[in-house]
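**Q** Structure below; questions to follow.
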Amino acid sequence: MPLLCGRSIGRSVSRLGLVRPLSSILQSRCRPGAAAAATVDAWRGYVDSKLDLRALDQKWRQRWAVANPNSDQKKESRQSQYVLPMFPYPSGTLHLGHLRVYTIADVVARFHTLQGRNVMLPMGWDAFGLPAENAAIERGINPAIWTKSNIDKMKQQLDVMNGSWDWSRELATCDPAFYKHTQKIFLLLQERGLAYQAEAEVNYDPVDKTVLANEQVDANGLSWRSGAKVEKRNLKQWFLRISEFRDSLLEDLETLAKDGAWPERVLAMQKNWLGKSVGATIKFPIVAFAQDLHKSIEVFTSRPDTLFGVQYLALASTHPIVSRLAKTDPDLQAFIDTLPALPPDSKVGFLLPHLRAVNPLAYHEDTPEATKKSLSIYVAPYVIGDYGEGAVMGVPGHDVRDNAFWKAHHYDSPVRIVLAASEIDTTTAIPNEPFVDHGIMTEHSGLYKGKTSQEGGEELVTLLESAKLAERVEKWRLRDWLISRQRYWGTPIPIIHCGSCGAVPVPDEDLPVVLPEVDEHWAEKKMGNPLETLDDWVNTSCPKCGGEAKRDTDTMDTFVDSSWYYMRFIDPHNEKAPFSAEMAKSMLPVDIYIGGVEHAILHLLYARFIYKFLMTSSLVPTEGESSPNEYEPFKRLVTQGMVHGKTYSDPSTGRFLKPDEVDLSTPSRPIVIATGDQANVSFEKMSKSKYNGVDPTSFIGQYGADATRAHMLFQAPVSEVLEWDEVKIAGVTRWLNRLYDIVVRLQGAEPTSTPPKVYFENSAVAAASMSAEELARWDANAALWRDVQKTITSVTASYNKVYALNTAVSDLMSLTNTIAAASDGGADVSVQREAVSALLRMAAPITPAFAEECWSILSPSSPSLFSQGGTLFPVLDGSAGLLQARKQTCAVQVNGKLRFAVEIPKPSAELKGDQLREWLVEQIMETEEAKARREKGSLGDVGEARKVIVVKEGKVVNFVF
């Protein structure tokens with residue numbers, strides 16, 4: 001169906017039953033008042049039927065394709081802006097979560113484009129990984145074919161979103177042209193000693209048959225991908241020495257916290273994962289009966305002030321003492337075997353027989369007797385083997401986990417409290433819950449009673465240091481990054497193993513090491529890593545000595561690819577290097593990075609590490625030494641909430657219902673068709689099992705991309721969970737239709753002959769000689785333009801904040817209503833047109849195709865909004881001081897209760913106190929409303945009021961009788 005345009009109006013008049021001449025209709029549409037309003041009503045049905053948002057999407061996407069807004073009229077002098085959403089994994093289809101993050105990114109990019117900046121909004125594919133390989137095995141096809149097919153489908157979906165992606169920069173991590181440089185980066189890391197191979201106990205997924213990093217194992221010991229119970233194995237693996245950058249990674253979190261550049265919770269998650277603890281290693285001598293064991297157990301603690309409160313020790317199952325005892329104790333070994341199946345909060349423990357520990361303070365004569373008693377030693381699942389020393393000093397009085405463990409094993413034994421909140425509390429009854437804060441040392445701390453915990457802790461460490469029983473240290477939770485994966489679909493590790501030369505880097509000229517074709521492996525649906533069985537590929541010669549050698553058959557963790565992909569976007573066609581130094585210095589870091597909070601630890605931490613490394617590597621030469629503290633990859637991070645779908649369930653069974661099992665004739669009262677009962681409704685994470693998924697492409701096909709984008713943004717603030725409700729899109733479509741009506745009505749209207757500010761300056765000068773009718777029109781014009789200026793301020797702030805994009809949509813809707821009302825209120829058509837012009841430019845980032853169409857109607861000789869290369873987004877014009885209202889609304893109260901409201905002249909700033917009060921009463925009583933109420937006796941004799949209270953400079957007047 002063709003869109004409404006000026007040339008089609010004449011042909012449509014007869015069908016609409018309009019008998020007035022076309023010239024009369026056009027003239028009335030450009031005049032304020034009742035006649036124009038009536039004409040708009042006559043046209044409304046036609047316009048609504050002709051506003052086909054889906055057709056607009058197609059029309060403007062075709063035009064944008066001819067003149068790409070990302071590359072048209074770029075000027076070096078213009079400020080650049082790098083906006084980047086986290087790139088998707090090509091699983092086959094985009095979901096609403098993708099639609100949300102990519103809508104946000106495109107809106108932000110278009111906003112900055114309209115502000116006159118050179119905006120880069122690239123798109124690529126995180127294309128390696130286990131899901132593709134597992135899917136290939138399941139289907140019996142090459143993972144490259146499956147991945148490429150998915151990329152094609154998802155790219156088509158992205159294209160219908162009205163995005164402004166710069167496809168000239170497109171990349172896929174599975175492309176040899178990309179992973180050639182991933183291999184180069186690995187070799188640079190190895191050259192600096194930051195990539196190394198070591199024997200280590202690793203997490204092994206028996207289903208996917210590959211090693212997993214600690215971060216890829218959930219709290220229950222299950223694989224994040226397959227869900228299998230993870231096994232512990234000792235293998236030789238490749239690591240990246242991220243620990244070398246831990247100080248920089250921690251210190252720079254303060255930089256990222258400035259001005260709210262990164263969300264607080266993401267910073268907290270990064271800080272906790274780095275896990276820096278400052279404390280001391282304490283030696284607890286042990287007494288071993290008939291056991292040839294260590295002389296002491298070393299325990300790291302950040303709270304030496306609680307040392308008097310130690311009531312037991314707990315060891316990790318991997319502690320050397322435990323491993324040694326398990327060889328001769330079958331009961332202990334059986335207990336260790338059960339640990340992987342236990343929940344992380346398990347309070348079970350194994351008491352080591354014939355083994356006790358001694359508190360190092362026991363040797364001091366002034367130590368209380370309770371502290372001198374020997375300590376039980378347990379094996380406990382809550383003790384982490386790779387943090388601290390794999391040992392914990394159990395302080396039930398001052399640690400939540402220790403308290404729970406103690407009560408589970410010693411429920412009838414008292415808990416020793418050695419710290420209290422204040423000196424008064426040191427003599428009160430023992431609390432039920434552990435006191436975990438710093439405080440004042442109690443009588444159970446012996447001679448240290450009354451000291452602060454900080455002071456006492458320092459003195460205790462000093463005391464034990466002199467006896468060589470303690471050492472001040474710092475510990476980190478962060479471990480080096482294990483990147484080896486025993487799977488095919490990943491970047492091959494570019495190392496050749498030679499019996500004489502060891503691990504030898506593949507020469508630059510031989511990069512990339514390309515994945516070989518293994519079609520038979522996929523056709524036979526085999527599991528495991530086919531690279532290990534390809535003798536022709538594995539067997540090679542050593543680049544150093546020329547002797548027989550073998551290729552490394554491991555591939556890299558896909559997090560290696562995503563740790564630097566954003567750097568490749570700046571120079572995607574560079575064959576010689578991952579990127580040029582010039583590009584890196586001019587286009588990095590990323591200005592705004594947008595993605596899910598689920599990537600708050602792994603991806604962001606690895607990206608920060610690799611960026612710091614690369615910017616201090618030979619790829620980016622600098623004068624003098626360069627510190628990693630100078631570099632962070634993402635200036636600003638925006639994390640969006642998840643999208644939850646409407647879910648229906650049977651109230652009698654709790655079973656999730658399929659769409660065809662629910663009667664939605666009355667949306668507010670869904671009925672279970674099988675039983676007639678009202679279904680339960682909730683919003684939950686979208687999944688196939690809950691039948692609450694929504695296909696974004698289908699939704700866009702029904703409502704149009706622009707309405708979908710606006711609906712997506714309007715329903716919730718960016719950072720919060722979005723409860724997707726299709727019904728509510730009706731409000732957005734009504735808004736767009738209403739705005740379109742206004743644009744069509746103003747088609748052909750001339751803009752103000754001078755800028756609005758000048759117009760209002762001239763009008764203000766002439767106000768003294770205006771007639772009542774002219775003053776009324778001036779009031780209407782001023783009120784409209786005042787709302788435009790207010791909306792510019794609020795919408796600009798919302799776009800800059802990003803998190804408040806929902807309020808931007810709300811403000812634009814409000815301004816649309818103001819403009820619609822301004823016509824009836826007598827505002828000049830030229831001022832209405834200027835207001836609509838500002839509104840369309842503010843709405844354009846959210847509804848680009850709709851705004852383009854309306855812009856072409858309002859300004860038919862102007863080019864596309866996004867290809868003009870200038871500053872088109874409206875800014876404040878400084879007219880606010882000229883737009884002060886001549887009248888104001890005054891709420892009239894009697895004895896504190898609102899009776900009515902009237903319009904009165906705005907009081908002069910010179911009126912104060914009694915003069916203002918008397919003037920306001922006079923103005924109120926001159927209004928028709930006040931006169932009518934006084935005649936009816938509902939207002940009373942204001943002259944008899946005991947008091948007249950003026951609030952907010954006359955916006956409220958209260959008569960007290």
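How things are named: the first chain in the structure tokens is A, the next is B, and so on; residues count from 1 in each chain; ligands count from 1 in the order shown.
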Sorted by chain and rising residue number, list the residues of range 138-251 of chain A at most 10 Å from range 592-608 of chain A (counting only C-alpha atoms), each with its closest atom pair and distance in Å to one decimal, as a Markdown table.

**A**
```
| residue | atom | partner | partner_atom | distance |
| --- | --- | --- | --- | --- |
| A:Glu215 | CA | A:Leu602 | CA | 7.3 |
| A:Gln216 | CA | A:Leu602 | CA | 9.3 |
| A:Leu240 | CA | A:Tyr606 | CA | 9.9 |
| A:Ile242 | CA | A:Tyr606 | CA | 8.0 |
| A:Phe245 | CA | A:Arg608 | CA | 9.5 |
| A:Ser248 | CA | A:Arg608 | CA | 9.6 |
| A:Leu249 | CA | A:Arg608 | CA | 7.3 |
```

**Q** List as a VMD selection string the protein and nucleic acid residues near Phe569 in chain A, meaning an atom at most 9 Å away when only C-alpha atoms are counted, but skip any in the same chain fewer than 5 places from it.

**A** chain A and resid 122 to 124 169 to 171 579

**Q** Could those residues be written to a file, using all heavy atoms, as a PDB file, in the first residue's frame?

**A**
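Final output, saved to again_32.pdb:
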```pdb
ATOM      1  N   PRO A 122      30.518  -1.048  14.752  1.00  0.00           N
ATOM      2  CA  PRO A 122      30.802  -2.263  13.985  1.00  0.00           C
ATOM      3  C   PRO A 122      30.027  -3.468  14.505  1.00  0.00           C
ATOM      4  O   PRO A 122      29.394  -3.420  15.556  1.00  0.00           O
ATOM      5  CB  PRO A 122      32.304  -2.443  14.194  1.00  0.00           C
ATOM      6  CG  PRO A 122      32.541  -1.890  15.571  1.00  0.00           C
ATOM      7  CD  PRO A 122      31.551  -0.761  15.755  1.00  0.00           C
ATOM      8  N   MET A 123      30.103  -4.545  13.755  1.00  0.00           N
ATOM      9  CA  MET A 123      29.441  -5.785  14.159  1.00  0.00           C
ATOM     10  C   MET A 123      30.285  -6.964  13.700  1.00  0.00           C
ATOM     11  O   MET A 123      30.890  -6.938  12.625  1.00  0.00           O
ATOM     12  CB  MET A 123      28.036  -5.879  13.558  1.00  0.00           C
ATOM     13  CG  MET A 123      27.259  -7.130  13.949  1.00  0.00           C
ATOM     14  SD  MET A 123      27.106  -7.384  15.728  1.00  0.00           S
ATOM     15  CE  MET A 123      26.034  -6.003  16.158  1.00  0.00           C
ATOM     16  N   GLY A 124      30.322  -7.995  14.535  1.00  0.00           N
ATOM     17  CA  GLY A 124      31.085  -9.197  14.207  1.00  0.00           C
ATOM     18  C   GLY A 124      30.497 -10.400  14.907  1.00  0.00           C
ATOM     19  O   GLY A 124      29.405 -10.338  15.480  1.00  0.00           O
ATOM     20  N   ARG A 169      33.320  -3.356   8.387  1.00  0.00           N
ATOM     21  CA  ARG A 169      34.270  -3.783   9.418  1.00  0.00           C
ATOM     22  C   ARG A 169      33.940  -5.166   9.980  1.00  0.00           C
ATOM     23  O   ARG A 169      34.527  -5.597  10.973  1.00  0.00           O
ATOM     24  CB  ARG A 169      34.294  -2.758  10.558  1.00  0.00           C
ATOM     25  CG  ARG A 169      34.749  -1.374  10.137  1.00  0.00           C
ATOM     26  CD  ARG A 169      34.702  -0.378  11.290  1.00  0.00           C
ATOM     27  NE  ARG A 169      35.065   0.950  10.833  1.00  0.00           N
ATOM     28  CZ  ARG A 169      36.320   1.409  10.784  1.00  0.00           C
ATOM     29  NH1 ARG A 169      37.318   0.635  11.177  1.00  0.00           N
ATOM     30  NH2 ARG A 169      36.584   2.630  10.358  1.00  0.00           N
ATOM     31  N   GLU A 170      32.993  -5.860   9.374  1.00  0.00           N
ATOM     32  CA  GLU A 170      32.538  -7.148   9.896  1.00  0.00           C
ATOM     33  C   GLU A 170      33.695  -8.135  10.030  1.00  0.00           C
ATOM     34  O   GLU A 170      34.586  -8.222   9.183  1.00  0.00           O
ATOM     35  CB  GLU A 170      31.482  -7.735   8.951  1.00  0.00           C
ATOM     36  CG  GLU A 170      30.915  -9.059   9.422  1.00  0.00           C
ATOM     37  CD  GLU A 170      29.914  -9.639   8.430  1.00  0.00           C
ATOM     38  OE1 GLU A 170      29.829  -9.093   7.291  1.00  0.00           O
ATOM     39  OE2 GLU A 170      29.223 -10.619   8.770  1.00  0.00           O
ATOM     40  N   LEU A 171      33.671  -8.899  11.115  1.00  0.00           N
ATOM     41  CA  LEU A 171      34.678  -9.940  11.328  1.00  0.00           C
ATOM     42  C   LEU A 171      34.024 -11.150  11.980  1.00  0.00           C
ATOM     43  O   LEU A 171      32.946 -11.063  12.574  1.00  0.00           O
ATOM     44  CB  LEU A 171      35.834  -9.424  12.190  1.00  0.00           C
ATOM     45  CG  LEU A 171      35.530  -8.914  13.608  1.00  0.00           C
ATOM     46  CD1 LEU A 171      35.378 -10.050  14.627  1.00  0.00           C
ATOM     47  CD2 LEU A 171      36.617  -7.957  14.071  1.00  0.00           C
ATOM     48  N   PHE A 579      46.474  -4.688  14.240  1.00  0.00           N
ATOM     49  CA  PHE A 579      46.001  -3.312  14.045  1.00  0.00           C
ATOM     50  C   PHE A 579      47.241  -2.436  13.965  1.00  0.00           C
ATOM     51  O   PHE A 579      48.335  -2.838  14.382  1.00  0.00           O
ATOM     52  CB  PHE A 579      45.097  -2.867  15.209  1.00  0.00           C
ATOM     53  CG  PHE A 579      45.706  -3.123  16.554  1.00  0.00           C
ATOM     54  CD1 PHE A 579      46.620  -2.239  17.110  1.00  0.00           C
ATOM     55  CD2 PHE A 579      45.382  -4.271  17.260  1.00  0.00           C
ATOM     56  CE1 PHE A 579      47.205  -2.494  18.332  1.00  0.00           C
ATOM     57  CE2 PHE A 579      45.972  -4.538  18.494  1.00  0.00           C
ATOM     58  CZ  PHE A 579      46.887  -3.635  19.031  1.00  0.00           C
TER      59      PHE A 579
END
```

**Q** Tell me, as JSON, numbers by chain, which residues lie within 8 Å of range 475-482 of chain A, counting only C-alpha atoms; anything in the same chain fewer than 3 positions away does not count.

**A** {"A": [212, 213, 237, 238, 239, 240, 241, 242, 243, 246, 273, 274, 275, 276, 277, 278, 279, 387, 388]}

**Q** Those residues you just picked out, can you put them in a file as a CSV table (one decimal), in the first residue's frame with N, CA and C atoms?

**A**
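Result file follows (part-v3.csv):
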```csv
chain,number,residue,atom,x,y,z
A,212,LEU,N,38.3,-27.1,31.3
A,212,LEU,CA,37.5,-25.9,31.6
A,212,LEU,C,38.3,-25.1,32.6
A,213,ALA,N,38.2,-23.8,32.4
A,213,ALA,CA,38.8,-22.9,33.5
A,213,ALA,C,37.9,-22.9,34.7
A,237,GLN,N,49.2,-28.0,30.5
A,237,GLN,CA,48.3,-27.0,29.8
A,237,GLN,C,49.0,-25.7,29.6
A,238,TRP,N,48.4,-24.9,28.7
A,238,TRP,CA,48.9,-23.5,28.4
A,238,TRP,C,48.2,-22.5,29.3
A,239,PHE,N,48.9,-21.6,29.9
A,239,PHE,CA,48.4,-20.6,30.7
A,239,PHE,C,48.8,-19.2,30.2
A,240,LEU,N,48.0,-18.2,30.5
A,240,LEU,CA,48.4,-16.8,30.3
A,240,LEU,C,48.6,-16.2,31.7
A,241,ARG,N,49.8,-15.5,31.9
A,241,ARG,CA,50.2,-15.0,33.2
A,241,ARG,C,49.4,-13.7,33.5
A,242,ILE,N,48.1,-13.8,33.7
A,242,ILE,CA,47.3,-12.6,34.0
A,242,ILE,C,47.7,-12.0,35.4
A,243,SER,N,48.3,-12.9,36.2
A,243,SER,CA,48.7,-12.5,37.6
A,243,SER,C,49.7,-11.4,37.6
A,246,ARG,N,47.9,-8.1,37.9
A,246,ARG,CA,46.9,-8.0,38.9
A,246,ARG,C,46.8,-6.6,39.6
A,273,TRP,N,36.8,-10.8,42.4
A,273,TRP,CA,37.5,-11.9,41.6
A,273,TRP,C,39.0,-11.8,41.7
A,274,LEU,N,39.5,-10.6,41.7
A,274,LEU,CA,40.9,-10.4,41.9
A,274,LEU,C,41.3,-10.8,43.3
A,275,GLY,N,40.5,-10.5,44.3
A,275,GLY,CA,40.6,-11.0,45.6
A,275,GLY,C,41.9,-10.7,46.3
A,276,LYS,N,42.3,-9.5,46.4
A,276,LYS,CA,43.5,-9.2,47.1
A,276,LYS,C,43.2,-9.1,48.6
A,277,SER,N,44.0,-9.9,49.4
A,277,SER,CA,43.9,-9.9,50.8
A,277,SER,C,45.2,-9.6,51.4
A,278,VAL,N,45.3,-8.7,52.4
A,278,VAL,CA,46.5,-8.4,53.1
A,278,VAL,C,46.4,-8.9,54.5
A,279,GLY,N,47.4,-9.7,54.9
A,279,GLY,CA,47.3,-10.4,56.2
A,279,GLY,C,48.6,-11.0,56.5
A,387,TYR,N,43.5,-21.3,47.2
A,387,TYR,CA,43.5,-19.9,47.8
A,387,TYR,C,44.2,-20.0,49.2
A,388,GLY,N,45.0,-19.0,49.5
A,388,GLY,CA,45.7,-19.0,50.7
A,388,GLY,C,46.7,-20.2,50.7
```

**Q** Using CA of Tyr312 in chain A and CA of Leu351 in chain A as the two end points, give the distance in Å to one decimal.

**A**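 It comes out at 10.3 Å.
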
**Q** As a PyMOL selection string, please: every residue in range 186-381 of chain A that DSSP puts in strand (DSSP E or B).

**A** chain A and resi 195-205+210-212+217+222-223+229+231-240+277-288+296-301+312-315+350-357+375-379

**Q** Any idea what's packed within 12 Å of range 164-166 of chain A, counting only C-alpha atoms, ignoring anything in its chain fewer than 5 positions away? Could you give it as a PyMOL selection string?

**A** chain A and resi 60-61+64-65+67-72+82-85+87+102-111+113+118-124+155+158-159+171+569-570+572+845-846+848-849+866-867

**Q** Given the selection you just returned, output its residues as a file containing N, CA and C atoms, formatted as a short mmCIF file (atom, residue, chain, number, x, y, z; two decimals), in the first residue's frame.

**A**
```cif
data_model
loop_
_atom_site.label_atom_id
_atom_site.label_comp_id
_atom_site.auth_asym_id
_atom_site.auth_seq_id
_atom_site.Cartn_x
_atom_site.Cartn_y
_atom_site.Cartn_z
N TRP A 60 13.36 2.96 3.91
CA TRP A 60 14.52 3.72 4.38
C TRP A 60 15.76 2.87 4.52
N ARG A 61 15.59 1.57 4.75
CA ARG A 61 16.78 0.71 4.75
C ARG A 61 17.41 0.68 3.37
N TRP A 64 19.25 4.00 3.04
CA TRP A 64 20.48 4.03 3.84
C TRP A 64 21.57 3.17 3.22
N ALA A 65 21.15 2.08 2.59
CA ALA A 65 22.14 1.19 1.97
C ALA A 65 22.89 1.90 0.85
N ALA A 67 23.39 5.27 0.74
CA ALA A 67 24.24 6.28 1.39
C ALA A 67 24.41 5.89 2.84
N ASN A 68 25.39 5.01 3.12
CA ASN A 68 25.62 4.48 4.47
C ASN A 68 25.90 5.62 5.44
N PRO A 69 25.07 5.79 6.48
CA PRO A 69 25.30 6.87 7.43
C PRO A 69 26.60 6.73 8.20
N ASN A 70 27.19 5.52 8.18
CA ASN A 70 28.45 5.35 8.89
C ASN A 70 29.65 5.87 8.10
N SER A 71 29.47 6.02 6.78
CA SER A 71 30.64 6.39 5.99
C SER A 71 30.44 7.66 5.17
N ASP A 72 29.22 8.19 5.14
CA ASP A 72 28.93 9.33 4.28
C ASP A 72 29.39 10.63 4.91
N TYR A 82 33.30 5.82 19.39
CA TYR A 82 33.32 4.38 19.16
C TYR A 82 32.28 3.75 20.09
N VAL A 83 31.17 3.34 19.50
CA VAL A 83 30.09 2.69 20.24
C VAL A 83 30.10 1.21 19.88
N LEU A 84 30.09 0.34 20.88
CA LEU A 84 30.24 -1.09 20.59
C LEU A 84 29.37 -1.94 21.51
N PRO A 85 28.46 -2.74 20.94
CA PRO A 85 27.78 -3.76 21.73
C PRO A 85 28.62 -5.03 21.72
N PHE A 87 29.70 -8.52 20.83
CA PHE A 87 29.29 -9.23 19.62
C PHE A 87 28.66 -10.57 19.97
N TYR A 102 21.23 -4.53 21.05
CA TYR A 102 21.58 -3.91 19.78
C TYR A 102 20.71 -2.69 19.48
N THR A 103 19.50 -2.68 20.00
CA THR A 103 18.69 -1.47 19.90
C THR A 103 19.33 -0.34 20.69
N ILE A 104 19.74 -0.63 21.90
CA ILE A 104 20.39 0.39 22.75
C ILE A 104 21.64 0.93 22.05
N ALA A 105 22.46 0.03 21.53
CA ALA A 105 23.69 0.45 20.88
C ALA A 105 23.42 1.34 19.68
N ASP A 106 22.44 0.95 18.86
CA ASP A 106 22.15 1.74 17.66
C ASP A 106 21.56 3.10 18.04
N VAL A 107 20.72 3.15 19.05
CA VAL A 107 20.15 4.42 19.49
C VAL A 107 21.26 5.36 19.95
N VAL A 108 22.19 4.84 20.74
CA VAL A 108 23.31 5.66 21.22
C VAL A 108 24.15 6.14 20.04
N ALA A 109 24.42 5.24 19.09
CA ALA A 109 25.24 5.61 17.93
C ALA A 109 24.56 6.68 17.09
N ARG A 110 23.28 6.53 16.85
CA ARG A 110 22.56 7.52 16.04
C ARG A 110 22.48 8.87 16.76
N PHE A 111 22.33 8.84 18.06
CA PHE A 111 22.32 10.09 18.82
C PHE A 111 23.62 10.86 18.62
N THR A 113 25.69 10.50 16.16
CA THR A 113 25.76 10.90 14.75
C THR A 113 25.04 12.23 14.55
N ASN A 118 31.72 11.59 14.21
CA ASN A 118 32.02 10.41 13.39
C ASN A 118 31.82 9.19 14.28
N VAL A 119 30.81 8.42 14.02
CA VAL A 119 30.48 7.29 14.88
C VAL A 119 30.87 5.98 14.22
N MET A 120 31.54 5.13 14.99
CA MET A 120 31.86 3.78 14.52
C MET A 120 31.01 2.79 15.32
N LEU A 121 30.16 2.04 14.61
CA LEU A 121 29.31 1.02 15.21
C LEU A 121 29.50 -0.27 14.43
N PRO A 122 30.52 -1.05 14.75
CA PRO A 122 30.80 -2.26 13.98
C PRO A 122 30.03 -3.47 14.51
N MET A 123 30.10 -4.55 13.75
CA MET A 123 29.44 -5.79 14.16
C MET A 123 30.28 -6.96 13.70
N GLY A 124 30.32 -7.99 14.53
CA GLY A 124 31.08 -9.20 14.21
C GLY A 124 30.50 -10.40 14.91
N LYS A 155 22.51 -12.28 10.54
CA LYS A 155 22.77 -11.01 9.88
C LYS A 155 21.50 -10.47 9.23
N LEU A 158 19.50 -8.95 11.98
CA LEU A 158 20.04 -7.65 12.37
C LEU A 158 19.64 -6.57 11.37
N ASP A 159 19.60 -6.94 10.09
CA ASP A 159 19.29 -5.97 9.05
C ASP A 159 17.87 -5.41 9.17
N LEU A 171 33.67 -8.90 11.12
CA LEU A 171 34.68 -9.94 11.33
C LEU A 171 34.02 -11.15 11.98
N PHE A 569 38.42 -4.27 15.14
CA PHE A 569 37.43 -3.46 14.43
C PHE A 569 38.00 -2.14 13.93
N ILE A 570 38.99 -1.61 14.61
CA ILE A 570 39.51 -0.30 14.21
C ILE A 570 40.37 -0.40 12.95
N PRO A 572 40.29 -3.48 10.46
CA PRO A 572 39.91 -4.87 10.18
C PRO A 572 40.55 -5.51 8.96
N PRO A 845 16.94 8.89 16.77
CA PRO A 845 17.76 7.74 17.19
C PRO A 845 16.93 6.52 17.55
N ILE A 846 15.74 6.72 18.08
CA ILE A 846 14.90 5.61 18.52
C ILE A 846 14.06 5.06 17.38
N PRO A 848 14.27 5.61 13.69
CA PRO A 848 14.96 6.26 12.56
C PRO A 848 14.18 6.29 11.25
N ALA A 849 13.56 5.17 10.87
CA ALA A 849 12.83 5.16 9.59
C ALA A 849 11.60 6.06 9.67
N PHE A 866 20.49 11.31 8.77
CA PHE A 866 21.73 10.70 9.23
C PHE A 866 22.89 10.82 8.24
N SER A 867 22.69 11.56 7.16
CA SER A 867 23.76 11.67 6.18
C SER A 867 24.16 13.12 5.91
#
```

**Q** Grab the CA of Val921 in chain A to CA of Gln884 in chain A distance for me, in Å with one decimal place.

**A**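 Pair CA of Val921 in chain A / CA of Gln884 in chain A returns 22.0 Å.
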
**Q** Quick check, in Å to one decimal: how far apart do CA of Val415 in chain A and CA of Val461 in chain A lie?

**A**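 Between these atoms lies a distance of 23.4 Å.
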
**Q** Please identify the helix (DSSP H, G or I) residues within range 165-237 of chain A (assignment by DSSP from backbone atoms) and present them as a list of chain:residue names.

**A** A:Pro176, A:Ala177, A:Phe178, A:Tyr179, A:Lys180, A:His181, A:Thr182, A:Gln183, A:Lys184, A:Ile185, A:Phe186, A:Leu187, A:Leu188, A:Leu189, A:Gln190, A:Glu191, A:Asn214, A:Glu215, A:Gln216

**Q** Pick out the closest residue to Leu619 in chain A from this set: A:Val538, A:Leu464, A:Ala945, A:Leu189. Count only C-alpha atoms.

**A** A:Leu189

**Q** Just the residues within 12 Å of Lys372 in chain A, please, counting only C-alpha atoms, with nothing from its chain fewer than 2 positions along; format it as a ChimeraX atom specification.

**A** /A:284,307-311,357-370,374-375,444-446

**Q** Residues at most 12 Å from Glu926 in chain A, counting only C-alpha atoms, excluding those fewer than 5 positions away in the same chain, as an mmCIF file with N, CA, C and O atoms, in the first residue's frame?

**A**
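Resulting contents of out-v9.cif:
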```cif
data_model
loop_
_atom_site.group_PDB
_atom_site.id
_atom_site.type_symbol
_atom_site.label_atom_id
_atom_site.label_comp_id
_atom_site.auth_asym_id
_atom_site.auth_seq_id
_atom_site.Cartn_x
_atom_site.Cartn_y
_atom_site.Cartn_z
ATOM 1 N N VAL A 902 -7.530 28.408 39.425
ATOM 2 C CA VAL A 902 -7.824 29.455 38.450
ATOM 3 C C VAL A 902 -6.540 29.930 37.801
ATOM 4 O O VAL A 902 -5.440 29.764 38.344
ATOM 5 N N GLU A 903 -6.684 30.512 36.606
ATOM 6 C CA GLU A 903 -5.570 31.137 35.914
ATOM 7 C C GLU A 903 -5.546 32.609 36.289
ATOM 8 O O GLU A 903 -6.542 33.320 36.112
ATOM 9 N N ILE A 904 -4.397 33.089 36.798
ATOM 10 C CA ILE A 904 -4.257 34.500 37.160
ATOM 11 C C ILE A 904 -2.958 35.021 36.566
ATOM 12 O O ILE A 904 -2.076 34.231 36.202
ATOM 13 N N PRO A 905 -2.825 36.333 36.434
ATOM 14 C CA PRO A 905 -1.558 36.880 35.951
ATOM 15 C C PRO A 905 -0.414 36.469 36.867
ATOM 16 O O PRO A 905 -0.609 36.294 38.072
ATOM 17 N N TRP A 919 -2.543 41.446 46.547
ATOM 18 C CA TRP A 919 -2.652 41.409 45.070
ATOM 19 C C TRP A 919 -3.232 40.069 44.605
ATOM 20 O O TRP A 919 -4.084 40.019 43.719
ATOM 21 N N LEU A 920 -2.780 38.964 45.217
ATOM 22 C CA LEU A 920 -3.257 37.643 44.833
ATOM 23 C C LEU A 920 -4.749 37.477 45.141
ATOM 24 O O LEU A 920 -5.506 36.927 44.322
ATOM 25 N N VAL A 921 -5.169 37.942 46.320
ATOM 26 C CA VAL A 921 -6.590 37.839 46.679
ATOM 27 C C VAL A 921 -7.441 38.608 45.681
ATOM 28 O O VAL A 921 -8.485 38.134 45.216
ATOM 29 N N LYS A 931 -16.004 34.263 41.515
ATOM 30 C CA LYS A 931 -17.271 34.991 41.645
ATOM 31 C C LYS A 931 -18.444 34.021 41.753
ATOM 32 O O LYS A 931 -19.351 34.197 42.584
ATOM 33 N N ALA A 932 -18.425 32.982 40.929
ATOM 34 C CA ALA A 932 -19.521 32.015 40.943
ATOM 35 C C ALA A 932 -19.586 31.272 42.273
ATOM 36 O O ALA A 932 -20.668 31.050 42.831
ATOM 37 N N ARG A 933 -18.448 30.907 42.796
ATOM 38 C CA ARG A 933 -18.413 30.166 44.061
ATOM 39 C C ARG A 933 -18.838 31.062 45.234
ATOM 40 O O ARG A 933 -19.462 30.595 46.189
ATOM 41 N N ARG A 934 -18.462 32.342 45.129
ATOM 42 C CA ARG A 934 -18.841 33.248 46.210
ATOM 43 C C ARG A 934 -20.359 33.460 46.232
ATOM 44 O O ARG A 934 -20.974 33.524 47.297
#
```
